[in-house]
Structures are given as structure tokens and as C-alpha cells.
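Working notes, structure below.
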Amino acid sequence: MLELDDVTVTFPGATAVDRVGLRVEEGSVLAVLGPSGCGKSTLLRAVAGLEPISSGSIRWRGRDLAGVATHERGFALMFQDGQLFAQASVADNIGYPLRLRGQGRRQRAGRVAELLELVGLGGYADRRPATLSGGEQQRVALARSLAADPALLLLDEPLSSLDRSLRDRLAGDLREILTTTGTTALLVTHDHDEAFTVADRMAVMLDGRIAQEGDAVEVWRQPVSREVASFVGYDTILEPTSTERRSWLPTASPGVAGRGPGADPASSVVALRRSALRVDPEGELRGVVRRVVTVSDALHLEVDVEGVGRMPALAADRGPEVGDDVRLTVDPRGVAHLPE
Ligand SMILES: Nc1ncnc2c1ncn2[C@@H]1O[C@H](COP(=O)(O)OP(=O)(O)OP(=O)(O)O)[C@@H](O)[C@H]1O
């Protein structure tokens, strides 16, 4: 198990990592999800031994890593820029960790070929990194980091330079590879989908601190604060009210952090995703469409909802136009009741 306790990293004038406590069980994948500048890369670098910690402790399999050099930690690292050897072929780049372990050329070639197929670069073995696109280089780096079957894999936005469809595919592949090989991994990313696809557990990092940690689905469905809710995609926050009717909102389900079952939505802070409100002729809410934006598979609307105010909503394609009266239905999966 990887154990971080009260880990703090300071730079002159800034605390990049602020008393972070985390656990990564062996064989599991934890994603630290946070916006740019929240300190997640610094945290990962500290685990790798590339950044000294000001206080706290980092332990791997019970051993305190203070004073243990990066190469002695036995972790594989993959950072945003891949860091390939420019003069070496793709195959030699991927096989490098195996060469360090004393594996012979023939043995390496088999494993390298397997890894190239895995990352979708079959046939690229003899190319030089400079002749590859950024995404291809990143895939070579991923293959190299997996080559030596590391006990702990540290990934810093490993897929962020890839286009969306490739990223989705590779994220799924990465998940599968990590699961089947039982690799323990710590992934830092700002990309929700990447975190969600690859990880079992998620820690949301804001301003140097872990704002929430838990099962990925739980963090998604039950954010513990306005800040976490807003970062994981809830774009509307409704403050408690004594005047407004909120019978249209679902009541909190049992077990929701800090809220008993059946708590009155009017007395809660409620967060809604855009997908919480959908145009539906049978819907209970009424409103007038104020804005329509077409995205790939849906229409994003802004609707002046009677008795509530302006709210984001979704419609199927070829839906309503600006000025239309619409009815809206509420999808409880897009609604979270926040603790006080
Ligand atoms: N060597 C350094 N010296 C001073 N400040 C630094 C240094 N490295 C990082 N920082 C600061 O620490 C904070 C956290 O940086 P970090 O790179 O960890 O963020 P991040 O969440 O990984 O962001 P991104 O996703 O943009 O890479 C930032 O405010 C950054 O400016």
C-alpha cells in the first residue's frame, strides 16, 4: 500500500501541496482529479522522489521513503511530455527498462511487440520519436512505463495530448491493463472522463488539498461541497430557500452525506448537472427557452423556469427554439444534495 500522511510541499511564496493524506491499496488505481495549478503534479513528483516534502510522510509497503532516491523506489513514471530518447528507435525506447534489467534482445523484442500492439502502434518499432505525432509519442511513453511491470505506476495526465476518441480507447485499455496485471497506480489528471474510466477511487484536489476522496461513483453522485460539485460538473447550485416551492426536486436519498432520507430540498443546498433538467412534454416544470447551443449529440438550453429562474437544460436534437414554451422533467441522477 502507498500511504501519504500530512504531506506538504512548499515553494517560495506558495504551498503547492497542503497536508495531503491518501491511501492507494495494492492492485487498485487512485485518480487525483483537480484543475490546473491545484498541486497534483507536485504531489506525484513528491511520491516519485523528484520533489522534497516539507513535512509529512510517504510510505510504500510500510517503508518510509524519506531519503530513498527516485531510482531506488522502483516506481515507473509517465509524465505529460513522455520524455523519450530522441536518438533511439521506438522499440529501443520501450525496451529500455527491460535492458536495464538485463533482458536479452530476443526476449525484449517479444515484449516490445506486444506493448506496441497494445498501444496501437504495431509497425512503428523502427521509427524515431521525432517522426511521431505528439499522441504517438505519448503512447510510446505509456508502453515504456508498462514494460517492466512496475509495482507502482505514477501517471501524470498520461493521455492528455491525445484526441478524444483515442483517449477514450486508451483509457479503457489502460484500465484493462492495470486490472489484469494487478498494477497499483496513482494517476493525476484534470480530465473527469480519464479519472472515471481508469480509476477505482477518486480524490478531488483543490488548492493543494484533498477536498473529497472516495469511490469514483460516490464522488460523482455525492459531492461534499459546492467547490467539489462545481468541479465535477454540477453547473447550478440552489441555495436553501424559505419562499420557493421545491417539490419538483427529488428528496435526498438515504445515506447522502449529512442528509437524512426525505430531507426537504428547500432547506438543502442542491447541486444540479445540466442533464438534471430535460425537455419533456409530460414534465412538471414550465419555462421559456432563452438560449440554444447545439453540441454533438444534444441541445444545450438555458430556460427561464417558472418559480426557479434561469437554468441549464438538455433537449434531444431538433428540439425547441429560443422563445418557445417548454416543459421539463427532472432526472434525479443529475441532482445532488450537499451537506450543510
Ligand atoms: N518549482 C516550482 N517553484 C515554484 N512554484 C511552483 C513550482 N512548481 C510548481 N509550482 C506552483 O505550485 C502550484 C502547483 O503546481 P502543479 O504543477 O503541481 O499543479 P498541477 O495541478 O499539476 O497543474 P497542471 O495541471 O497545470 O500541471 C502552482 O501554483 C505552481 O505555480
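Here's how to read the names in the C-alpha cells: chain A, B, ... by the order shown, residue numbers from 1 in each chain, ligand numbers from 1 in the order shown.
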
Taking only C-alpha atoms and all ligand atoms into account, which residues are within 9 Å of ligand 1, as an NGL selection string? :A and (9-17 or 33-45 or 51 or 80 or 156-157 or 188-190 or 205-208)

Go ahead and write the residues just picked, C-alpha atoms, as a tab-separated table (two decimals), in the first residue's frame.
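Generated file (again19.tsv):
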```
chain	number	residue	atom	x	y	z
A	9	VAL	CA	5.28	20.66	-0.37
A	10	THR	CA	6.11	24.35	-0.30
A	11	PHE	CA	7.80	26.56	-2.85
A	12	PRO	CA	8.98	30.08	-2.10
A	13	GLY	CA	5.74	32.01	-1.66
A	14	ALA	CA	3.38	29.07	-2.25
A	15	THR	CA	2.16	25.87	-0.63
A	16	ALA	CA	1.56	23.60	-3.62
A	17	VAL	CA	0.56	20.52	-1.58
A	33	LEU	CA	-8.51	14.84	-10.09
A	34	GLY	CA	-8.08	18.59	-9.99
A	35	PRO	CA	-7.88	21.76	-12.05
A	36	SER	CA	-4.67	23.20	-13.44
A	37	GLY	CA	-2.43	24.53	-10.69
A	38	CYS	CA	-4.08	22.62	-7.82
A	39	GLY	CA	-0.80	20.88	-6.98
A	40	LYS	CA	-1.43	17.40	-8.39
A	41	SER	CA	1.79	17.17	-10.43
A	42	THR	CA	3.79	18.32	-7.44
A	43	LEU	CA	2.13	15.64	-5.34
A	44	LEU	CA	3.04	12.97	-7.88
A	45	ARG	CA	6.59	14.25	-8.13
A	51	GLU	CA	10.28	16.91	-5.12
A	80	GLN	CA	2.90	14.72	-19.64
A	156	ASP	CA	0.68	12.46	-14.85
A	157	GLU	CA	-2.05	13.29	-17.38
A	188	VAL	CA	-3.20	12.64	-11.67
A	189	THR	CA	-5.41	14.37	-14.19
A	190	HIS	CA	-7.76	17.27	-14.79
A	205	MET	CA	-7.73	18.07	-5.19
A	206	LEU	CA	-8.44	21.78	-4.94
A	207	ASP	CA	-5.91	24.40	-3.88
A	208	GLY	CA	-3.34	21.90	-2.66
```

Exercise: His337 of chain A partners within 7 Å, only C-alpha atoms, chain neighbours under 5 positions left out, as a tab-separated table (two decimals) with N, CA and C atoms, in the first residue's frame:
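Here's the written file selection-v9.tsv:
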```
chain	number	residue	atom	x	y	z
A	252	ALA	N	-33.48	13.99	-0.81
A	252	ALA	CA	-32.19	13.31	-0.67
A	252	ALA	C	-32.40	11.83	-0.44
A	268	SER	N	-32.13	22.47	1.72
A	268	SER	CA	-30.78	21.97	1.43
A	268	SER	C	-30.09	22.87	0.42
A	269	VAL	N	-28.78	22.70	0.35
A	269	VAL	CA	-28.06	23.23	-0.81
A	269	VAL	C	-28.12	22.12	-1.85
A	270	VAL	N	-28.63	22.44	-3.03
A	270	VAL	CA	-28.82	21.42	-4.05
A	270	VAL	C	-27.98	21.78	-5.28
A	271	ALA	N	-27.26	20.78	-5.78
A	271	ALA	CA	-26.45	20.99	-6.98
A	271	ALA	C	-27.07	20.23	-8.14
```

Hey, what's within 12 Å of Leu118 of chain A if we count only C-alpha atoms and toss same-chain stuff fewer than 5 positions away? As a VMD selection string, please? chain A and resid 111 to 113 123 139 to 140 142 to 144 146 to 147 169 to 174 176 to 177

Using the chain letters and numbers from this document, which residues of segment 109-330 of chain A does DSSP assign to alpha helix (DSSP H), as an MDAnalysis selection string? chainID A and resid 109:118 134:147 164:181 192:198 216:221 226:231

Could you pull out the residues in segment 53-174 of chain A that DSSP calls strand (DSSP E) from the backbone, as a VMD selection string? chain A and resid 55 to 60 63 to 64 75 to 78 152 to 156

Put those residues in a file: N, CA and C atoms, as a PDB file, in the first residue's frame.
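Final output, out.pdb:
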```pdb
ATOM      1  N   SER A  55       6.967  18.557   4.989  1.00  0.00           N
ATOM      2  CA  SER A  55       6.581  17.817   6.194  1.00  0.00           C
ATOM      3  C   SER A  55       5.660  16.680   5.790  1.00  0.00           C
ATOM      4  N   GLY A  56       5.383  15.799   6.743  1.00  0.00           N
ATOM      5  CA  GLY A  56       4.533  14.646   6.474  1.00  0.00           C
ATOM      6  C   GLY A  56       5.378  13.434   6.102  1.00  0.00           C
ATOM      7  N   SER A  57       4.684  12.367   5.683  1.00  0.00           N
ATOM      8  CA  SER A  57       5.436  11.163   5.329  1.00  0.00           C
ATOM      9  C   SER A  57       4.798  10.429   4.159  1.00  0.00           C
ATOM     10  N   ILE A  58       5.646   9.760   3.382  1.00  0.00           N
ATOM     11  CA  ILE A  58       5.192   8.918   2.269  1.00  0.00           C
ATOM     12  C   ILE A  58       5.782   7.529   2.522  1.00  0.00           C
ATOM     13  N   ARG A  59       4.911   6.508   2.575  1.00  0.00           N
ATOM     14  CA  ARG A  59       5.383   5.141   2.821  1.00  0.00           C
ATOM     15  C   ARG A  59       4.886   4.201   1.722  1.00  0.00           C
ATOM     16  N   TRP A  60       5.742   3.278   1.347  1.00  0.00           N
ATOM     17  CA  TRP A  60       5.371   2.241   0.369  1.00  0.00           C
ATOM     18  C   TRP A  60       5.650   0.888   1.000  1.00  0.00           C
ATOM     19  N   ARG A  63       7.417   1.049   4.236  1.00  0.00           N
ATOM     20  CA  ARG A  63       8.748   1.651   4.360  1.00  0.00           C
ATOM     21  C   ARG A  63       8.665   3.157   4.088  1.00  0.00           C
ATOM     22  N   ASP A  64       9.214   3.938   5.000  1.00  0.00           N
ATOM     23  CA  ASP A  64       9.232   5.389   4.809  1.00  0.00           C
ATOM     24  C   ASP A  64      10.198   5.726   3.675  1.00  0.00           C
ATOM     25  N   PHE A  75       9.464   2.692  -8.817  1.00  0.00           N
ATOM     26  CA  PHE A  75       8.192   3.074  -9.422  1.00  0.00           C
ATOM     27  C   PHE A  75       8.427   3.418 -10.894  1.00  0.00           C
ATOM     28  N   ALA A  76       7.418   3.203 -11.710  1.00  0.00           N
ATOM     29  CA  ALA A  76       7.507   3.665 -13.096  1.00  0.00           C
ATOM     30  C   ALA A  76       6.766   4.992 -13.196  1.00  0.00           C
ATOM     31  N   LEU A  77       7.322   5.892 -13.955  1.00  0.00           N
ATOM     32  CA  LEU A  77       6.744   7.220 -14.075  1.00  0.00           C
ATOM     33  C   LEU A  77       6.366   7.491 -15.507  1.00  0.00           C
ATOM     34  N   MET A  78       5.256   8.142 -15.671  1.00  0.00           N
ATOM     35  CA  MET A  78       4.966   8.639 -17.005  1.00  0.00           C
ATOM     36  C   MET A  78       4.401  10.041 -16.877  1.00  0.00           C
ATOM     37  N   LEU A 152       4.390   0.041  -8.735  1.00  0.00           N
ATOM     38  CA  LEU A 152       3.543   1.238  -8.629  1.00  0.00           C
ATOM     39  C   LEU A 152       3.808   2.098  -9.856  1.00  0.00           C
ATOM     40  N   LEU A 153       2.722   2.421 -10.528  1.00  0.00           N
ATOM     41  CA  LEU A 153       2.830   3.228 -11.736  1.00  0.00           C
ATOM     42  C   LEU A 153       2.299   4.625 -11.414  1.00  0.00           C
ATOM     43  N   LEU A 154       3.110   5.639 -11.702  1.00  0.00           N
ATOM     44  CA  LEU A 154       2.712   7.029 -11.449  1.00  0.00           C
ATOM     45  C   LEU A 154       2.456   7.697 -12.795  1.00  0.00           C
ATOM     46  N   LEU A 155       1.259   8.180 -12.983  1.00  0.00           N
ATOM     47  CA  LEU A 155       0.863   8.715 -14.285  1.00  0.00           C
ATOM     48  C   LEU A 155       0.414  10.168 -14.150  1.00  0.00           C
ATOM     49  N   ASP A 156       1.065  11.050 -14.881  1.00  0.00           N
ATOM     50  CA  ASP A 156       0.685  12.463 -14.850  1.00  0.00           C
ATOM     51  C   ASP A 156       0.035  12.836 -16.178  1.00  0.00           C
TER      52      ASP A 156
END
```

Identify which of the residues A:Arg209, A:Arg73, A:Arg61, A:Arg274 lies closest to Arg310 of chain A, counting only C-alpha atoms when measuring atom-to-atom distances.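 Of A:Arg209, A:Arg73, A:Arg61, A:Arg274, the one nearest Arg310 of chain A, counting only C-alpha atoms, is A:Arg274.
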